[in-house]
>>> print(open('run31.cif').read())   # mmCIF, C-alpha atoms
data_final
#
loop_
_atom_site.label_atom_id
_atom_site.label_comp_id
_atom_site.auth_asym_id
_atom_site.auth_seq_id
_atom_site.Cartn_x
_atom_site.Cartn_y
_atom_site.Cartn_z
CA MET A 1 -8.61 -1.85 22.04
CA GLU A 2 -8.97 -2.15 18.27
CA ASN A 3 -6.01 -3.55 16.37
CA ILE A 4 -4.13 -1.37 13.90
CA GLU A 5 -5.75 -3.05 10.88
CA THR A 6 -9.19 -1.92 12.06
CA GLN A 7 -8.02 1.52 13.17
CA VAL A 8 -6.43 2.28 9.82
CA ALA A 9 -9.39 0.81 7.90
CA LYS A 10 -11.74 3.12 9.82
CA ALA A 11 -9.50 6.12 9.20
CA LEU A 12 -9.31 5.45 5.45
CA LEU A 13 -13.08 5.16 5.22
CA GLU A 14 -13.67 8.27 7.36
CA ILE A 15 -11.49 10.48 5.17
CA LYS A 16 -12.88 8.88 2.00
CA ALA A 17 -9.49 7.58 0.91
CA VAL A 18 -11.29 4.30 0.21
CA PHE A 19 -14.49 4.13 -1.81
CA LEU A 20 -16.55 0.95 -2.04
CA ARG A 21 -19.02 0.85 -4.92
CA PRO A 22 -19.97 -2.73 -5.80
CA GLU A 23 -23.12 -1.62 -7.59
CA GLU A 24 -21.22 0.76 -9.90
CA PRO A 25 -17.66 -0.56 -10.33
CA PHE A 26 -14.65 1.65 -10.93
CA VAL A 27 -12.52 0.96 -14.00
CA TRP A 28 -8.78 0.69 -13.40
CA ALA A 29 -6.20 1.79 -15.98
CA SER A 30 -5.77 -1.89 -16.87
CA GLY A 31 -9.46 -2.07 -17.78
CA ILE A 32 -10.33 -4.24 -14.78
CA LYS A 33 -13.63 -3.38 -13.13
CA SER A 34 -13.28 -3.00 -9.38
CA PRO A 35 -15.73 -2.49 -6.50
CA ILE A 36 -13.08 -0.52 -4.61
CA TYR A 37 -10.96 2.54 -5.22
CA CYS A 38 -8.17 3.53 -2.84
CA ASP A 39 -6.41 6.91 -2.84
CA ASN A 40 -3.97 7.02 0.07
CA ARG A 41 -2.69 10.43 -1.00
CA LEU A 42 -5.67 11.84 0.89
CA ILE A 43 -4.05 10.70 4.14
CA LEU A 44 -1.62 13.60 3.82
CA THR A 45 -4.44 16.14 3.93
CA ALA A 46 -6.13 14.63 7.01
CA PRO A 47 -3.94 15.34 10.09
CA ALA A 48 -5.53 12.82 12.48
CA ALA A 49 -5.42 9.98 9.96
CA ARG A 50 -1.94 11.02 8.91
CA ASP A 51 -0.70 10.88 12.52
CA LEU A 52 -2.21 7.40 12.97
CA VAL A 53 -0.82 6.02 9.72
CA GLU A 54 2.68 7.49 9.92
CA ASN A 55 3.19 6.39 13.51
CA ALA A 56 1.91 2.94 12.57
CA ILE A 57 4.38 2.78 9.66
CA ALA A 58 7.21 3.78 12.00
CA GLU A 59 6.17 1.26 14.66
CA THR A 60 5.88 -1.51 12.06
CA ILE A 61 9.34 -0.77 10.69
CA HIS A 62 10.81 -0.72 14.20
CA ARG A 63 9.12 -4.04 15.04
CA GLU A 64 9.61 -5.95 11.78
CA TYR A 65 12.91 -4.54 10.54
CA PRO A 66 14.91 -3.30 13.56
CA GLN A 67 18.23 -3.44 11.66
CA VAL A 68 17.13 -0.96 8.97
CA ASP A 69 19.62 1.70 7.82
CA VAL A 70 17.52 3.74 5.39
CA LEU A 71 13.94 4.06 4.15
CA MET A 72 13.12 4.30 0.46
CA GLY A 73 9.75 5.49 -0.80
CA THR A 74 8.14 4.39 -4.03
CA ALA A 75 7.48 7.13 -6.57
CA THR A 76 5.37 9.00 -6.14
CA ALA A 77 2.81 7.95 -3.55
CA GLY A 78 5.25 6.40 -1.10
CA ILE A 79 7.66 9.32 -0.91
CA ALA A 80 5.87 11.49 1.66
CA HIS A 81 5.05 8.51 3.88
CA ALA A 82 8.68 7.38 3.82
CA ALA A 83 9.85 10.90 4.67
CA ILE A 84 7.52 11.25 7.65
CA ALA A 85 8.30 7.78 8.98
CA ALA A 86 12.03 8.44 8.57
CA HIS A 87 11.64 11.64 10.56
CA ILE A 88 9.88 9.78 13.38
CA LEU A 89 12.57 7.08 13.40
CA CYS A 90 15.50 9.50 12.89
CA LEU A 91 16.56 7.58 9.78
CA PRO A 92 17.81 8.73 6.37
CA MET A 93 15.46 8.32 3.44
CA GLY A 94 15.30 8.58 -0.29
CA TYR A 95 13.08 7.38 -3.08
CA VAL A 96 13.16 5.31 -6.22
CA ARG A 97 11.93 6.76 -9.49
CA SER A 98 9.80 4.68 -11.83
CA GLY A 99 12.58 5.17 -14.38
CA ALA A 100 15.97 6.87 -14.55
CA LYS A 101 16.06 10.60 -15.27
CA ASP A 102 17.02 11.54 -18.82
CA HIS A 103 19.08 14.53 -17.64
CA GLY A 104 21.62 15.53 -15.00
CA ARG A 105 23.13 12.50 -13.25
CA GLN A 106 20.34 10.29 -14.66
CA ASN A 107 19.57 8.94 -11.21
CA ARG A 108 16.87 6.42 -10.60
CA ILE A 109 17.52 6.28 -6.85
CA GLU A 110 17.41 9.68 -5.15
CA GLY A 111 19.17 10.14 -1.82
CA ARG A 112 22.37 8.62 -0.50
CA LEU A 113 22.50 4.83 -0.70
CA GLU A 114 25.64 2.84 -0.02
CA PRO A 115 26.22 -0.77 -1.12
CA GLY A 116 25.22 -3.06 1.73
CA ASP A 117 22.75 -0.62 3.28
CA LYS A 118 19.76 -2.36 4.80
CA VAL A 119 16.66 -0.83 3.25
CA VAL A 120 12.93 -0.88 3.96
CA VAL A 121 10.65 0.23 1.13
CA VAL A 122 7.57 2.29 1.99
CA GLU A 123 4.62 1.86 -0.39
CA ASP A 124 1.11 3.27 -0.21
CA LEU A 125 -0.77 0.25 -1.58
CA ILE A 126 -0.15 -3.11 -3.18
CA SER A 127 -2.38 -4.79 -5.76
CA THR A 128 -0.48 -7.07 -8.15
CA GLY A 129 2.89 -6.14 -6.65
CA GLY A 130 4.53 -5.13 -9.90
CA SER A 131 5.63 -1.59 -9.06
CA VAL A 132 7.02 -2.37 -5.63
CA ILE A 133 8.97 -5.35 -6.98
CA GLU A 134 10.52 -3.08 -9.63
CA THR A 135 11.54 -0.72 -6.81
CA VAL A 136 13.09 -3.57 -4.83
CA GLU A 137 14.97 -4.82 -7.89
CA ALA A 138 16.40 -1.35 -8.56
CA LEU A 139 17.65 -1.15 -4.97
CA ARG A 140 19.15 -4.64 -5.13
CA GLU A 141 20.93 -3.76 -8.37
CA ALA A 142 22.43 -0.76 -6.54
CA GLY A 143 23.84 -3.10 -3.90
CA ALA A 144 21.29 -2.57 -1.15
CA GLU A 145 20.01 -5.34 1.08
CA VAL A 146 16.23 -4.93 0.96
CA LEU A 147 14.79 -6.18 4.24
CA GLY A 148 11.21 -5.82 3.07
CA VAL A 149 8.29 -3.52 2.46
CA VAL A 150 5.80 -1.69 4.65
CA SER A 151 2.60 -0.69 2.85
CA ILE A 152 -0.48 1.10 4.07
CA PHE A 153 -3.03 -1.07 2.27
CA THR A 154 -3.02 -4.32 0.35
CA TYR A 155 -5.77 -5.94 -1.69
CA GLY A 156 -4.32 -9.35 -0.87
CA MET A 157 -4.67 -10.52 -4.48
CA GLN A 158 -3.18 -13.95 -5.07
CA LYS A 159 -1.24 -12.68 -8.07
CA GLY A 160 0.41 -10.07 -5.88
CA LEU A 161 1.16 -12.56 -3.12
CA ASP A 162 2.69 -14.99 -5.62
CA ARG A 163 4.83 -12.32 -7.28
CA LEU A 164 6.16 -11.05 -3.95
CA ALA A 165 6.99 -14.59 -2.86
CA ALA A 166 8.75 -15.36 -6.15
CA ALA A 167 10.83 -12.17 -5.80
CA ASN A 168 11.60 -13.01 -2.17
CA VAL A 169 10.02 -9.78 -0.94
CA LYS A 170 8.43 -9.57 2.49
CA ASN A 171 5.52 -7.13 2.82
CA VAL A 172 3.75 -6.01 5.97
CA SER A 173 0.61 -3.93 5.42
CA LEU A 174 -1.11 -1.78 8.02
CA THR A 175 -4.53 -2.81 6.77
CA ASN A 176 -6.15 -4.83 3.99
CA LEU A 177 -9.26 -5.44 1.94
CA ASP A 178 -10.79 -7.81 4.48
CA ALA A 179 -10.50 -5.26 7.29
CA VAL A 180 -11.89 -2.43 5.16
CA ALA A 181 -14.84 -4.55 4.00
CA ALA A 182 -15.60 -5.66 7.57
CA VAL A 183 -15.58 -2.08 8.90
CA ALA A 184 -17.63 -0.83 5.94
CA ARG A 185 -20.25 -3.49 6.63
CA GLU A 186 -20.26 -2.68 10.36
CA ILE A 187 -20.94 1.02 9.78
CA GLY A 188 -23.58 0.33 7.12
CA TYR A 189 -21.58 1.73 4.22
CA ILE A 190 -22.11 -1.52 2.31
CA GLN A 191 -24.55 -4.41 2.68
CA PRO A 192 -23.60 -7.94 3.83
CA GLY A 193 -23.90 -9.28 0.28
CA ASP A 194 -21.52 -6.60 -0.96
CA VAL A 195 -18.75 -8.10 1.15
CA GLU A 196 -19.11 -11.32 -0.87
CA LYS A 197 -18.82 -9.34 -4.11
CA ILE A 198 -15.70 -7.54 -2.91
CA LEU A 199 -13.99 -10.73 -1.82
CA ALA A 200 -15.02 -12.47 -5.07
CA PHE A 201 -13.37 -9.64 -6.99
CA ARG A 202 -10.21 -10.06 -4.92
CA ALA A 203 -10.17 -13.81 -5.58
CA ASP A 204 -10.09 -13.26 -9.36
CA PRO A 205 -10.16 -9.65 -10.63
CA SER A 206 -10.42 -10.83 -14.25
CA ASP A 207 -13.69 -12.66 -13.54
CA GLU A 208 -16.47 -10.07 -13.64
CA SER A 209 -19.25 -12.48 -12.64
CA TRP A 210 -19.36 -10.86 -9.19
CA ILE A 211 -20.89 -7.74 -10.75
CA ALA A 212 -24.10 -9.58 -11.68
CA GLY A 213 -24.55 -11.04 -8.18
CA GLY A 214 -27.17 -9.35 -6.07
CA SER A 215 -26.74 -8.24 -2.47
CA LYS A 216 -28.10 -10.63 0.12
#
>>> encode(input="run31.cif", output="structure tokens")
Amino acid sequence: MENIETQVAKALLEIKAVFLRPEEPFVWASGIKSPIYCDNRLILTAPAARDLVENAIAETIHREYPQVDVLMGTATAGIAHAAIAAHILCLPMGYVRSGAKDHGRQNRIEGRLEPGDKVVVVEDLISTGGSVIETVEALREAGAEVLGVVSIFTYGMQKGLDRLAAANVKNVSLTNLDAVAAVAREIGYIQPGDVEKILAFRADPSDESWIAGGSK
């Protein structure tokens, strides 16, 4: 039986939540040119993929963080996934805004959170790790004990790995760039040489020399 990394990678490719385009790179908001674009919001509109992913999130949380008290989603893409996983696990959930509201109670953390609560953060994807670390820091400042993160997809960029380690944040992803590239090659979506381009991008996103390399 296929492992969960491969199952989720196949599902993301089937519903076109992941696009691989080494020959015509996408441009991220940061200006970085990327051979991959990932939109995990599309999981919510694909019932079979959604069932696979949400149950996998719940199973991962139960296995990796059995002492969890509450789930917290990242705004905005992690909110729905945290809510569904919390429903499966019969756990409370909330979410962390990217910034405090400028009206009402000016909350940044939505949902009940008590000091000392053991929290797992649910994130849709991790690249450089910046946004999820900000979420973790906000929860720690509120007195929560953050056990770690469960994400659907990670690029596995060294910068992200280093930042998570420095912040003492554990992340467990359902699938990753290596698994997606391997499945894409297997089904003929990309060519063998494209895998090298994708992994070269991951090794150093600021180095665009991979773009000029031809497929083998």
>>> closest_residue(input="run31.cif", among="A:Asp204, A:Lys197, A:Lys159, A:Gln7", to="Pro25 (chain A)", atoms="only C-alpha atoms")
A:Lys197
>>> atom_distance(input="run31.cif", atom1="CA of Ala29 (chain A)", atom2="CA of Leu174 (chain A)")
24.8 Å
>>> atom_distance(input="run31.cif", atom1="CA of Ala212 (chain A)", atom2="CA of Val180 (chain A)")
22.0 Å
>>> residues_around(input="run31.cif", residues="Ala85 (chain A)", least_positions_apart="5", cutoff="12 Å", atoms="all atoms listed in the file", output="PyMOL selection string")
chain A and resi 50-62+70-73+78-80+90-94+120-123+150-151
>>> resolve_selection(input="run31.cif", expression="the PyMOL selection byres ((chain A and resi 146) around 6)", output="list in words")
Lys118, Val119, Ala144, Glu145, Leu147 and Gly148 of chain A
>>> write_last_selection(input="run31.cif", atoms="C-alpha atoms", output="PDB file, keeping the file's coordinate frame")
ATOM      1  CA  LYS A 118      19.760  -2.360   4.800  1.00  0.00           C
ATOM      2  CA  VAL A 119      16.660  -0.830   3.250  1.00  0.00           C
ATOM      3  CA  ALA A 144      21.290  -2.570  -1.150  1.00  0.00           C
ATOM      4  CA  GLU A 145      20.010  -5.340   1.080  1.00  0.00           C
ATOM      5  CA  LEU A 147      14.790  -6.180   4.240  1.00  0.00           C
ATOM      6  CA  GLY A 148      11.210  -5.820   3.070  1.00  0.00           C
TER       7      GLY A 148
END
>>> residues_around(input="run31.cif", residues="region 130-141 of chain A", least_positions_apart="6", cutoff="8 Å", atoms="all atoms listed in the file", output="NGL selection string")
:A and (74 or 96-98 or 109 or 121 or 123 or 160 or 163-164 or 167 or 169)
>>> write_last_selection(input="run31.cif", atoms="C-alpha atoms", output="PDB file, in the frame of the given file")
ATOM      1  CA  THR A  74       8.140   4.390  -4.030  1.00  0.00           C
ATOM      2  CA  VAL A  96      13.160   5.310  -6.220  1.00  0.00           C
ATOM      3  CA  ARG A  97      11.930   6.760  -9.490  1.00  0.00           C
ATOM      4  CA  SER A  98       9.800   4.680 -11.830  1.00  0.00           C
ATOM      5  CA  ILE A 109      17.520   6.280  -6.850  1.00  0.00           C
ATOM      6  CA  VAL A 121      10.650   0.230   1.130  1.00  0.00           C
ATOM      7  CA  GLU A 123       4.620   1.860  -0.390  1.00  0.00           C
ATOM      8  CA  GLY A 160       0.410 -10.070  -5.880  1.00  0.00           C
ATOM      9  CA  ARG A 163       4.830 -12.320  -7.280  1.00  0.00           C
ATOM     10  CA  LEU A 164       6.160 -11.050  -3.950  1.00  0.00           C
ATOM     11  CA  ALA A 167      10.830 -12.170  -5.800  1.00  0.00           C
ATOM     12  CA  VAL A 169      10.020  -9.780  -0.940  1.00  0.00           C
TER      13      VAL A 169
END
>>> atom_distance(input="run31.cif", atom1="CA of Ile198 (chain A)", atom2="CA of Pro35 (chain A)")
6.2 Å
>>> resolve_selection(input="run31.cif", expression="the PyMOL selection byres ((chain A and resi 10-19) around 6)", output="VMD selection string")
chain A and resid 7 to 9 20 36 to 40 42 49
>>> closest_residue(input="run31.cif", among="A:Gly129, A:Gly31, A:Ala83, A:Pro66", to="Leu44 (chain A)", atoms="only C-alpha atoms")
A:Ala83
>>> closest_residue(input="run31.cif", among="A:Ala77, A:Ile190, A:Val68, A:Ala179", to="Leu89 (chain A)", atoms="only C-alpha atoms")
A:Val68
>>> resolve_selection(input="run31.cif", expression="the PyMOL selection byres ((chain A and resi 115) around 6)", output="short mmCIF file (atom, residue, chain, number, x, y, z; two decimals) with C-alpha atoms, in the coordinates of the input")
data_model
loop_
_atom_site.label_atom_id
_atom_site.label_comp_id
_atom_site.auth_asym_id
_atom_site.auth_seq_id
_atom_site.Cartn_x
_atom_site.Cartn_y
_atom_site.Cartn_z
CA GLU A 114 25.64 2.84 -0.02
CA GLY A 116 25.22 -3.06 1.73
CA ASP A 117 22.75 -0.62 3.28
CA GLY A 143 23.84 -3.10 -3.90
CA ALA A 144 21.29 -2.57 -1.15
#
>>> axis_aligned_box(input="run31.cif", around="region 77-96 of chain A", padding_each_side="3 Å", output="AutoDock Vina command-line options")
--center_x 10.3 --center_y 8.5 --center_z 3.6 --size_x 21.0 --size_y 12.3 --size_z 25.6
>>> closest_residue(input="run31.cif", among="A:Glu5, A:Glu208, A:Asp69, A:Glu24", to="Leu177 (chain A)", atoms="all atoms listed in the file")
A:Glu5
>>> closest_residue(input="run31.cif", among="A:His81, A:Trp210, A:Ala166, A:Pro205", to="Val27 (chain A)", atoms="only C-alpha atoms")
A:Pro205
>>> build_atoms(input="run31.cif", residues="region 183-197 of chain A", atoms="N, CA and C atoms", output="CSV table (one decimal), keeping the file's coordinate frame")
chain,number,residue,atom,x,y,z
A,183,VAL,N,-15.2,-3.4,8.3
A,183,VAL,CA,-15.6,-2.1,8.9
A,183,VAL,C,-16.7,-1.4,8.1
A,184,ALA,N,-16.6,-1.4,6.8
A,184,ALA,CA,-17.6,-0.8,5.9
A,184,ALA,C,-19.0,-1.5,6.2
A,185,ARG,N,-19.0,-2.8,6.3
A,185,ARG,CA,-20.2,-3.5,6.6
A,185,ARG,C,-20.8,-3.1,8.0
A,186,GLU,N,-19.9,-3.0,9.0
A,186,GLU,CA,-20.3,-2.7,10.4
A,186,GLU,C,-20.9,-1.3,10.5
A,187,ILE,N,-20.4,-0.3,9.7
A,187,ILE,CA,-20.9,1.0,9.8
A,187,ILE,C,-22.1,1.2,8.8
A,188,GLY,N,-22.5,0.2,8.0
A,188,GLY,CA,-23.6,0.3,7.1
A,188,GLY,C,-23.3,1.0,5.8
A,189,TYR,N,-22.0,1.1,5.5
A,189,TYR,CA,-21.6,1.7,4.2
A,189,TYR,C,-21.9,0.8,3.1
A,190,ILE,N,-21.7,-0.5,3.3
A,190,ILE,CA,-22.1,-1.5,2.3
A,190,ILE,C,-23.0,-2.6,3.0
A,191,GLN,N,-23.7,-3.4,2.2
A,191,GLN,CA,-24.6,-4.4,2.7
A,191,GLN,C,-23.8,-5.7,2.8
A,192,PRO,N,-24.3,-6.6,3.6
A,192,PRO,CA,-23.6,-7.9,3.8
A,192,PRO,C,-23.2,-8.6,2.5
A,193,GLY,N,-24.2,-8.6,1.6
A,193,GLY,CA,-23.9,-9.3,0.3
A,193,GLY,C,-22.8,-8.6,-0.5
A,194,ASP,N,-22.6,-7.3,-0.3
A,194,ASP,CA,-21.5,-6.6,-1.0
A,194,ASP,C,-20.1,-7.1,-0.6
A,195,VAL,N,-20.0,-7.6,0.7
A,195,VAL,CA,-18.8,-8.1,1.2
A,195,VAL,C,-18.4,-9.3,0.3
A,196,GLU,N,-19.4,-10.1,0.0
A,196,GLU,CA,-19.1,-11.3,-0.9
A,196,GLU,C,-18.6,-10.9,-2.3
A,197,LYS,N,-19.2,-9.8,-2.8
A,197,LYS,CA,-18.8,-9.3,-4.1
A,197,LYS,C,-17.4,-8.9,-4.1
